[in-house]
Every structure is written in structure tokens, then in C-alpha cells.
file target_21.txt (compact mmCIF, N, CA and C atoms)
# COMPACT_ATOMS: atom_id res chain seq x y z
N MET M 1 48.11 -18.08 16.13
CA MET M 1 47.64 -16.93 16.89
C MET M 1 46.30 -16.47 16.36
N ASP M 2 45.41 -16.09 17.24
CA ASP M 2 44.08 -15.66 16.82
C ASP M 2 44.17 -14.33 16.07
N GLU M 3 43.28 -14.21 15.08
CA GLU M 3 43.21 -12.93 14.37
C GLU M 3 42.52 -11.90 15.25
N PRO M 4 42.96 -10.65 15.17
CA PRO M 4 42.25 -9.63 15.95
C PRO M 4 40.82 -9.50 15.45
N THR M 5 39.91 -9.31 16.38
CA THR M 5 38.51 -9.18 15.98
C THR M 5 38.27 -7.81 15.38
N LYS M 6 37.59 -7.81 14.26
CA LYS M 6 37.26 -6.57 13.59
C LYS M 6 35.84 -6.18 13.98
N PRO M 7 35.62 -4.89 14.15
CA PRO M 7 34.23 -4.51 14.45
C PRO M 7 33.35 -4.84 13.24
N ASP M 8 32.32 -5.58 13.49
CA ASP M 8 31.39 -5.95 12.41
C ASP M 8 30.60 -4.72 12.00
N SER M 9 30.25 -4.68 10.72
CA SER M 9 29.37 -3.61 10.28
C SER M 9 27.98 -3.87 10.85
N PRO M 10 27.21 -2.82 11.10
CA PRO M 10 25.88 -3.05 11.67
C PRO M 10 25.03 -3.89 10.73
N PRO M 11 24.14 -4.71 11.30
CA PRO M 11 23.30 -5.53 10.44
C PRO M 11 22.40 -4.66 9.56
N ARG M 12 22.12 -5.18 8.38
CA ARG M 12 21.25 -4.47 7.43
C ARG M 12 19.83 -4.43 7.98
N THR M 13 19.16 -3.30 7.79
CA THR M 13 17.75 -3.19 8.20
C THR M 13 16.91 -2.77 7.00
N VAL M 14 15.61 -3.00 7.12
CA VAL M 14 14.64 -2.56 6.10
C VAL M 14 13.45 -1.94 6.80
N LYS M 15 12.75 -1.08 6.07
CA LYS M 15 11.44 -0.60 6.55
C LYS M 15 10.47 -1.72 6.18
N CYS M 16 10.12 -2.55 7.15
CA CYS M 16 9.34 -3.76 6.92
C CYS M 16 7.91 -3.43 6.49
N VAL M 17 7.48 -4.05 5.38
CA VAL M 17 6.12 -3.82 4.89
C VAL M 17 5.07 -4.42 5.83
N LYS M 18 5.45 -5.39 6.61
CA LYS M 18 4.49 -6.06 7.49
C LYS M 18 4.33 -5.30 8.82
N PHE M 19 5.46 -4.88 9.39
CA PHE M 19 5.44 -4.23 10.71
C PHE M 19 5.51 -2.70 10.64
N GLN M 20 5.76 -2.16 9.44
CA GLN M 20 5.80 -0.71 9.23
C GLN M 20 6.83 -0.01 10.11
N LYS M 21 8.01 -0.65 10.28
CA LYS M 21 9.10 -0.01 11.02
C LYS M 21 10.42 -0.64 10.60
N GLU M 22 11.52 0.04 10.95
CA GLU M 22 12.86 -0.46 10.64
C GLU M 22 13.15 -1.69 11.49
N LEU M 23 13.51 -2.78 10.82
CA LEU M 23 13.81 -4.03 11.51
C LEU M 23 14.97 -4.74 10.80
N PRO M 24 15.63 -5.70 11.48
CA PRO M 24 16.70 -6.45 10.82
C PRO M 24 16.20 -7.12 9.54
N ALA M 25 17.06 -7.06 8.51
CA ALA M 25 16.70 -7.56 7.19
C ALA M 25 17.19 -8.98 6.98
N LEU M 26 16.65 -9.63 5.96
CA LEU M 26 17.11 -10.96 5.56
C LEU M 26 18.53 -10.85 4.99
N ASP M 27 19.30 -11.94 5.08
CA ASP M 27 20.68 -11.94 4.59
C ASP M 27 20.77 -12.07 3.07
N GLU M 28 19.75 -12.66 2.48
CA GLU M 28 19.74 -12.85 1.02
C GLU M 28 18.30 -13.02 0.56
N PRO M 29 18.05 -12.83 -0.74
CA PRO M 29 16.67 -13.04 -1.22
C PRO M 29 16.22 -14.47 -0.92
N PRO M 30 15.04 -14.63 -0.31
CA PRO M 30 14.59 -15.96 0.11
C PRO M 30 13.83 -16.72 -0.97
N TRP M 31 13.66 -16.11 -2.13
CA TRP M 31 12.86 -16.71 -3.21
C TRP M 31 13.47 -16.23 -4.51
N PRO M 32 13.42 -17.03 -5.56
CA PRO M 32 14.02 -16.60 -6.82
C PRO M 32 13.24 -15.47 -7.49
N GLY M 33 13.94 -14.76 -8.35
CA GLY M 33 13.30 -13.78 -9.22
C GLY M 33 12.96 -12.47 -8.55
N GLU M 34 12.08 -11.73 -9.24
CA GLU M 34 11.68 -10.39 -8.83
C GLU M 34 10.99 -10.39 -7.47
N LEU M 35 10.14 -11.39 -7.20
CA LEU M 35 9.45 -11.46 -5.91
C LEU M 35 10.46 -11.61 -4.77
N GLY M 36 11.44 -12.48 -4.95
CA GLY M 36 12.47 -12.66 -3.94
C GLY M 36 13.24 -11.37 -3.67
N GLN M 37 13.52 -10.62 -4.73
CA GLN M 37 14.24 -9.36 -4.57
C GLN M 37 13.38 -8.33 -3.82
N ARG M 38 12.09 -8.26 -4.16
CA ARG M 38 11.19 -7.34 -3.44
C ARG M 38 11.13 -7.69 -1.95
N ILE M 39 11.06 -8.98 -1.65
CA ILE M 39 11.02 -9.43 -0.26
C ILE M 39 12.32 -9.06 0.44
N TYR M 40 13.44 -9.30 -0.22
CA TYR M 40 14.76 -8.99 0.34
C TYR M 40 14.86 -7.50 0.69
N GLU M 41 14.29 -6.65 -0.15
CA GLU M 41 14.41 -5.20 0.02
C GLU M 41 13.40 -4.62 1.01
N SER M 42 12.32 -5.36 1.36
CA SER M 42 11.30 -4.72 2.20
C SER M 42 10.62 -5.63 3.22
N VAL M 43 11.21 -6.79 3.51
CA VAL M 43 10.62 -7.70 4.50
C VAL M 43 11.68 -8.00 5.56
N SER M 44 11.28 -7.91 6.80
CA SER M 44 12.21 -8.17 7.91
C SER M 44 12.30 -9.66 8.21
N VAL M 45 13.32 -10.01 8.99
CA VAL M 45 13.49 -11.39 9.45
C VAL M 45 12.24 -11.84 10.22
N ASP M 46 11.71 -10.97 11.09
CA ASP M 46 10.53 -11.32 11.88
C ASP M 46 9.31 -11.59 10.99
N ALA M 47 9.12 -10.74 9.98
CA ALA M 47 7.98 -10.93 9.07
C ALA M 47 8.16 -12.22 8.26
N TRP M 48 9.40 -12.53 7.89
CA TRP M 48 9.64 -13.77 7.14
C TRP M 48 9.30 -14.98 8.00
N LYS M 49 9.60 -14.91 9.29
CA LYS M 49 9.25 -16.02 10.20
C LYS M 49 7.73 -16.21 10.25
N LEU M 50 6.99 -15.10 10.27
CA LEU M 50 5.52 -15.20 10.22
C LEU M 50 5.09 -15.90 8.93
N TRP M 51 5.72 -15.51 7.83
CA TRP M 51 5.38 -16.11 6.54
C TRP M 51 5.67 -17.61 6.54
N GLU M 52 6.81 -18.02 7.12
CA GLU M 52 7.14 -19.44 7.12
C GLU M 52 6.06 -20.27 7.80
N GLU M 53 5.50 -19.74 8.89
CA GLU M 53 4.40 -20.43 9.57
C GLU M 53 3.17 -20.49 8.66
N ARG M 54 2.85 -19.38 8.00
CA ARG M 54 1.71 -19.35 7.07
C ARG M 54 1.94 -20.32 5.92
N MET M 55 3.17 -20.35 5.40
CA MET M 55 3.46 -21.23 4.27
C MET M 55 3.26 -22.70 4.67
N LYS M 56 3.69 -23.09 5.86
CA LYS M 56 3.47 -24.47 6.32
C LYS M 56 1.98 -24.79 6.31
N MET M 57 1.18 -23.85 6.80
CA MET M 57 -0.26 -24.05 6.84
C MET M 57 -0.81 -24.22 5.41
N ILE M 58 -0.36 -23.39 4.49
CA ILE M 58 -0.83 -23.45 3.10
C ILE M 58 -0.44 -24.79 2.48
N LEU M 59 0.83 -25.20 2.66
CA LEU M 59 1.29 -26.47 2.10
C LEU M 59 0.46 -27.63 2.64
N ASN M 60 0.18 -27.61 3.93
CA ASN M 60 -0.60 -28.68 4.53
C ASN M 60 -2.06 -28.63 4.11
N GLU M 61 -2.65 -27.44 4.15
CA GLU M 61 -4.07 -27.28 3.83
C GLU M 61 -4.38 -27.75 2.41
N TYR M 62 -3.52 -27.37 1.46
CA TYR M 62 -3.76 -27.73 0.07
C TYR M 62 -3.04 -29.01 -0.34
N ARG M 63 -2.36 -29.65 0.62
CA ARG M 63 -1.60 -30.89 0.38
C ARG M 63 -0.65 -30.71 -0.82
N LEU M 64 0.13 -29.64 -0.75
CA LEU M 64 1.05 -29.31 -1.84
C LEU M 64 2.39 -29.99 -1.63
N MET M 65 3.03 -30.33 -2.73
CA MET M 65 4.38 -30.87 -2.72
C MET M 65 5.29 -29.72 -3.17
N PRO M 66 6.15 -29.20 -2.26
CA PRO M 66 6.92 -27.98 -2.55
C PRO M 66 7.80 -28.05 -3.79
N TRP M 67 8.18 -29.24 -4.23
CA TRP M 67 9.05 -29.34 -5.39
C TRP M 67 8.27 -29.26 -6.70
N GLN M 68 6.94 -29.30 -6.66
CA GLN M 68 6.14 -29.23 -7.89
C GLN M 68 5.95 -27.77 -8.31
N LYS M 69 6.03 -27.54 -9.62
CA LYS M 69 5.90 -26.19 -10.16
C LYS M 69 4.57 -25.55 -9.77
N GLU M 70 3.49 -26.30 -9.82
CA GLU M 70 2.17 -25.75 -9.47
C GLU M 70 2.14 -25.29 -8.01
N ALA M 71 2.76 -26.07 -7.13
CA ALA M 71 2.81 -25.72 -5.71
C ALA M 71 3.63 -24.46 -5.51
N GLN M 72 4.76 -24.36 -6.20
CA GLN M 72 5.61 -23.17 -6.09
C GLN M 72 4.88 -21.92 -6.58
N GLU M 73 4.12 -22.06 -7.65
CA GLU M 73 3.35 -20.92 -8.16
C GLU M 73 2.29 -20.48 -7.16
N MET M 74 1.61 -21.47 -6.54
CA MET M 74 0.57 -21.14 -5.56
C MET M 74 1.20 -20.48 -4.32
N VAL M 75 2.32 -21.02 -3.85
CA VAL M 75 3.01 -20.45 -2.70
C VAL M 75 3.46 -19.02 -3.02
N ALA M 76 3.99 -18.81 -4.22
CA ALA M 76 4.44 -17.46 -4.62
C ALA M 76 3.27 -16.48 -4.62
N LYS M 77 2.12 -16.91 -5.10
CA LYS M 77 0.94 -16.03 -5.12
C LYS M 77 0.53 -15.67 -3.70
N HIS M 78 0.46 -16.66 -2.81
CA HIS M 78 0.11 -16.41 -1.41
C HIS M 78 1.15 -15.52 -0.74
N MET M 79 2.43 -15.74 -1.08
CA MET M 79 3.51 -14.96 -0.49
C MET M 79 3.38 -13.49 -0.91
N GLU M 80 3.11 -13.26 -2.18
CA GLU M 80 2.96 -11.88 -2.66
C GLU M 80 1.77 -11.21 -1.96
N ASP M 81 0.66 -11.93 -1.84
CA ASP M 81 -0.51 -11.37 -1.14
C ASP M 81 -0.18 -11.10 0.33
N PHE M 82 0.55 -12.02 0.96
CA PHE M 82 0.88 -11.90 2.38
C PHE M 82 1.70 -10.64 2.65
N PHE M 83 2.67 -10.37 1.79
CA PHE M 83 3.56 -9.23 2.02
C PHE M 83 3.11 -7.94 1.33
N PHE M 84 2.54 -8.05 0.14
CA PHE M 84 2.28 -6.85 -0.67
C PHE M 84 0.83 -6.66 -1.06
N GLY M 85 -0.04 -7.59 -0.70
CA GLY M 85 -1.45 -7.48 -1.07
C GLY M 85 -2.18 -6.47 -0.19
N GLU M 86 -3.41 -6.24 -0.52
CA GLU M 86 -4.24 -5.31 0.24
C GLU M 86 -4.36 -5.80 1.69
N GLY M 87 -4.15 -4.92 2.61
CA GLY M 87 -4.25 -5.28 4.02
C GLY M 87 -3.09 -6.14 4.51
N SER M 88 -1.95 -6.06 3.84
CA SER M 88 -0.83 -6.92 4.21
C SER M 88 -0.14 -6.49 5.51
N ALA M 89 -0.19 -5.21 5.84
CA ALA M 89 0.45 -4.75 7.08
C ALA M 89 -0.36 -5.22 8.28
N LEU M 90 0.35 -5.56 9.33
CA LEU M 90 -0.32 -6.00 10.56
C LEU M 90 -0.86 -4.79 11.31
N PRO M 91 -1.87 -4.98 12.14
CA PRO M 91 -2.36 -3.86 12.95
C PRO M 91 -1.23 -3.31 13.82
N PRO M 92 -1.21 -2.01 14.10
CA PRO M 92 -0.12 -1.40 14.85
C PRO M 92 0.12 -2.03 16.22
N ASP M 93 -0.91 -2.56 16.86
CA ASP M 93 -0.75 -3.13 18.19
C ASP M 93 -0.56 -4.66 18.17
N PHE M 94 -0.24 -5.23 16.99
CA PHE M 94 -0.06 -6.67 16.86
C PHE M 94 1.13 -7.15 17.70
N VAL M 95 0.93 -8.24 18.43
CA VAL M 95 2.00 -8.88 19.18
C VAL M 95 2.05 -10.34 18.74
N PRO M 96 3.20 -10.79 18.19
CA PRO M 96 3.25 -12.18 17.72
C PRO M 96 3.07 -13.16 18.88
N GLU M 97 2.46 -14.29 18.56
CA GLU M 97 2.26 -15.34 19.57
C GLU M 97 3.62 -15.88 19.97
N GLN M 98 3.83 -16.08 21.25
CA GLN M 98 5.12 -16.58 21.76
C GLN M 98 5.29 -18.06 21.41
N GLN M 99 6.52 -18.42 21.03
CA GLN M 99 6.82 -19.83 20.75
C GLN M 99 6.78 -20.62 22.05
N LYS M 100 6.30 -21.85 21.97
CA LYS M 100 6.23 -22.69 23.17
C LYS M 100 7.51 -23.49 23.32

call {"tool": "encode", "arguments": {"input": "target_21.txt", "output": "C-alpha cells"}}
result
Amino acid sequence: MDEPTKPDSPPRTVKCVKFQKELPALDEPPWPGELGQRIYESVSVDAWKLWEERMKMILNEYRLMPWQKEAQEMVAKHMEDFFFGEGSALPPDFVPEQQK
């Protein structure tokens, strides 16, 4: 017999540093250490998706191998700048490009 469905608790939200509003949060820290925890506490799912696209560009542009320590350090630096550096918030009227 099927279990009765329980009402799920509402999804966790954060005041996103990128979009400057309450948005759905990540399910777990996406990066190890203190940086991952900061991202978990203040970056939305939508902002993380933007970062993933930027990270692909960085990995390709610099021809980085993600498993190498030097590449991880460079990605972490770019990630911190992307979310917490000067000018990290998007303009208020920003509209993300639609996926094709």
C-alpha cells in the first residue's frame, strides 16, 4: 500500500548576492570549505547556474584541467570574485539569456 503523502516543507531560500532578492537556495554547499559554505548561505540556484556557464568558459579559455590543484585554486578565485567581488551583483533589470 502506498504511504500517505506528507506535505513537504517549503524549499529553502536565500537572499541571493547576485540577484539581490529571495530565491530558491542550493541543496548543499557546491564547493568545499568556507567558500562553499558562503555560497550555500547566499547564492541562489539561478545564480549558481550562471556561474556554471562562466566556469565552463574559464576552464576552456585557460585550458584548465578541473582535477588539478592549480585549476581548482584559479576556479575558486574566479568564483569568489563572481559572487562576492566588487560589482558582483547583476544590474536590477538583468534578464538571463534564454536557453536554446

call {"tool": "atom_distance", "arguments": {"input": "target_21.txt", "atom1": "atom CA of M:Pro32", "atom2": "atom CA of M:Pro10"}}
result
25.8 Å

call {"tool": "atom_distance", "arguments": {"input": "target_21.txt", "atom1": "atom N of M:Glu53", "atom2": "atom C of M:Pro11"}}
result
22.7 Å

call {"tool": "select_by_dssp", "arguments": {"input": "target_21.txt", "residues": "stretch 6-99 of chain M", "states": "helix (DSSP H, G or I)", "output": "JSON, numbers by chain"}}
result
{"M": [33, 34, 35, 36, 37, 38, 39, 40, 41, 42, 45, 46, 47, 48, 49, 50, 51, 52, 53, 54, 55, 56, 57, 58, 59, 60, 61, 69, 70, 71, 72, 73, 74, 75, 76, 77, 78, 79, 80, 81, 82, 83, 84]}

call {"tool": "atom_distance", "arguments": {"input": "target_21.txt", "atom1": "atom C of M:Val43", "atom2": "atom CA of M:Cys16"}}
result
5.0 Å

call {"tool": "closest_residue", "arguments": {"input": "target_21.txt", "among": "M:Leu23, M:Met79, M:Met74, M:Leu64", "to": "M:Ile39", "atoms": "only C-alpha atoms"}}
result
M:Met79

call {"tool": "closest_residue", "arguments": {"input": "target_21.txt", "among": "M:Glu22, M:Glu86, M:Glu73, M:Glu61", "to": "M:Ala47", "atoms": "only C-alpha atoms"}}
result
M:Glu22

call {"tool": "closest_residue", "arguments": {"input": "target_21.txt", "among": "M:Val45, M:Met57, M:Met65, M:Val17", "to": "M:Asp81", "atoms": "only C-alpha atoms"}}
result
M:Val17

call {"tool": "closest_residue", "arguments": {"input": "target_21.txt", "among": "M:Phe19, M:Ser9, M:Val14, M:Leu59", "to": "M:Tyr40", "atoms": "all atoms listed in the file"}}
result
M:Val14
